[in-house]
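Notes follow once the structure below has been shown.
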Amino acid sequence: MTSARFMKCLQYAAQQHRNQRRKDPQETPYINHPINVSTILATEAGIDDEAVLMAALLHDVVEDTDATFADLEQLFGDDITGLVREVTDDKSLEKMERKRLQIVNAPKASRRAKLIKLADKLDNLRDLQVNTPTGWTEERREAYFVWAQRVVDGLRGTNAALEEQLDQIFRQRQLLD
Ligand SMILES: Nc1nc2c(ncn2[C@@H]2O[C@H](COP(=O)(O)OP(=O)(O)O)[C@@H](OP(=O)(O)OP(=O)(O)O)[C@H]2O)c(=O)[nH]1
Ligand SMILES: [Mn+2]
């Protein structure tokens, strides 16, 4: 039974991302990504914890829209806001530092936040297997797979199904010995 608060969360995420597009050539509506991440958790990782599925829908709203953590606390409460906080990069930092911190902080995340990060990377990498984001060179695309594997290495031991899906992708890219 889909709860009213889950639908409110989906509606809010769609509203916040309404003018955004992903970087793929088809310019997919951004909201498809958070929906994919939440759906991966529900259908492939066997997650039925609604707070995790809602935080997955919201995982990019503070990082990529004008939403604040105060908004999320008021709308969805501290637990969900805490999960979003754990998966939100500090956009005020220089990009290389942001990427470095994702690797450094991955092992420190809570189990539930690690689930969201694993599903987030899985959706990004599945897309990257079939699309090159507009303006990316082949080198940048390859570098993304290498970097993503380093982030995923800090998230292991969390969900076998997601980690196997990710390893299939890394194997295909000859990134696994
Ligand atoms: N694969 C893919 N990524 C896209 C697309 N559109 C937007 N993105 C986002 O772009 C980011 C990767 O691009 P970068 O240039 O490396 O990172 P940046 O946008 O944060 O500067 C990913 O976030 P990230 O910071 O790397 O990961 P996360 O923090 O969202 O997990 C991903 O969510 C797309 O069409 N395909
Ligand atoms: Mn994301």
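So you can find residues: chains in the structure tokens are A, B, ... in the order shown, residues in each start at 1, and ligands are numbered from 1 in order.
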Find the residues near Ala56 of chain A: any atom within 12 Å, counting only C-alpha atoms, skip ones fewer than 6 places away on the same chain, and give them as a PyMOL selection string.
chain A and resi 6+9-10+13+31-42+47+49-50+80-88+112-121+123
Selection within 7 Å of ligand 1 by only C-alpha atoms and all ligand atoms, output as number ranges by chain
A: 22-24, 60, 89, 95, 117, 120-121, 124-125, 127-128, 133, 144
Kindly export the residues of the current selection with N, CA, C and O atoms, as a short mmCIF file (atom, residue, chain, number, x, y, z; two decimals), in the first residue's frame.
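Saved as out27.cif:
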data_model
loop_
_atom_site.label_atom_id
_atom_site.label_comp_id
_atom_site.auth_asym_id
_atom_site.auth_seq_id
_atom_site.Cartn_x
_atom_site.Cartn_y
_atom_site.Cartn_z
N ARG A 22 18.94 15.45 -17.36
CA ARG A 22 20.20 14.73 -17.20
C ARG A 22 21.11 15.09 -18.36
O ARG A 22 20.68 15.73 -19.33
N LYS A 23 22.38 14.68 -18.25
CA LYS A 23 23.37 15.09 -19.26
C LYS A 23 23.36 14.19 -20.49
O LYS A 23 24.13 14.39 -21.42
N ASP A 24 22.54 13.15 -20.51
CA ASP A 24 22.54 12.25 -21.68
C ASP A 24 22.05 12.97 -22.92
O ASP A 24 21.34 13.97 -22.81
N ASP A 60 19.23 13.91 -4.39
CA ASP A 60 19.93 15.00 -5.10
C ASP A 60 19.25 16.36 -4.95
O ASP A 60 19.68 17.35 -5.55
N ASP A 89 26.82 15.94 -1.51
CA ASP A 89 28.15 16.55 -1.62
C ASP A 89 28.06 18.03 -1.27
O ASP A 89 27.05 18.67 -1.55
N LYS A 95 35.56 20.73 -7.32
CA LYS A 95 35.08 19.42 -7.79
C LYS A 95 35.99 18.25 -7.41
O LYS A 95 35.52 17.22 -6.92
N LYS A 117 23.74 5.19 -1.83
CA LYS A 117 24.91 5.51 -2.65
C LYS A 117 25.20 4.40 -3.65
O LYS A 117 25.55 4.67 -4.80
N ASP A 120 22.65 4.70 -6.35
CA ASP A 120 22.92 5.93 -7.12
C ASP A 120 24.03 5.66 -8.13
O ASP A 120 23.90 5.96 -9.32
N LYS A 121 25.11 5.06 -7.68
CA LYS A 121 26.21 4.75 -8.60
C LYS A 121 25.77 3.74 -9.65
O LYS A 121 26.13 3.87 -10.82
N ASN A 124 23.84 5.59 -12.30
CA ASN A 124 24.74 6.42 -13.12
C ASN A 124 25.58 5.57 -14.06
O ASN A 124 25.76 5.92 -15.23
N LEU A 125 26.09 4.43 -13.57
CA LEU A 125 26.97 3.59 -14.40
C LEU A 125 26.19 2.86 -15.48
O LEU A 125 26.68 2.70 -16.60
N ASP A 127 23.66 4.02 -16.98
CA ASP A 127 23.45 5.05 -18.01
C ASP A 127 24.74 5.25 -18.80
O ASP A 127 24.75 5.30 -20.03
N LEU A 128 25.86 5.34 -18.05
CA LEU A 128 27.15 5.62 -18.70
C LEU A 128 27.55 4.49 -19.65
O LEU A 128 28.32 4.68 -20.59
N PRO A 133 27.63 11.32 -21.63
CA PRO A 133 27.05 12.63 -21.32
C PRO A 133 27.56 13.69 -22.29
O PRO A 133 28.72 13.64 -22.72
N TYR A 144 35.37 8.16 -15.03
CA TYR A 144 34.23 8.10 -14.11
C TYR A 144 34.05 6.68 -13.58
O TYR A 144 33.81 6.48 -12.39
#
In Å, rounded to a single decimal, give me how far atom CA of Thr158 of chain A is from atom CA of Gly46 of chain A.
12.2 Å
For Arg171 of chain A, which of A:Gln11, A:Thr28, A:Asn131, A:Gln149 is the closest residue, counting only C-alpha atoms?
A:Gln149
DSSP helix (DSSP H, G or I) residues within segment 43-174 of chain A, listed as a PyMOL selection string
chain A and resi 43+50-58+61-64+69-76+78-86+95-108+111-130+138-153+160-172
For the atom pair atom CA of Arg156 of chain A and atom CA of Phe170 of chain A, what is the interatomic distance in Å to one decimal place?
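Computing it gives 14.0 Å between the two atoms.
Relative to atom CA of Arg111 of chain A, atom CA of Glu73 of chain A is found at 20.6 Å.
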Which of these residues is nearest to ligand 2, using only C-alpha atoms and all ligand atoms: A:Leu58, A:Ala51, A:Leu176, A:Ala14?
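Closest to ligand 2, using only C-alpha atoms and all ligand atoms: A:Leu58.
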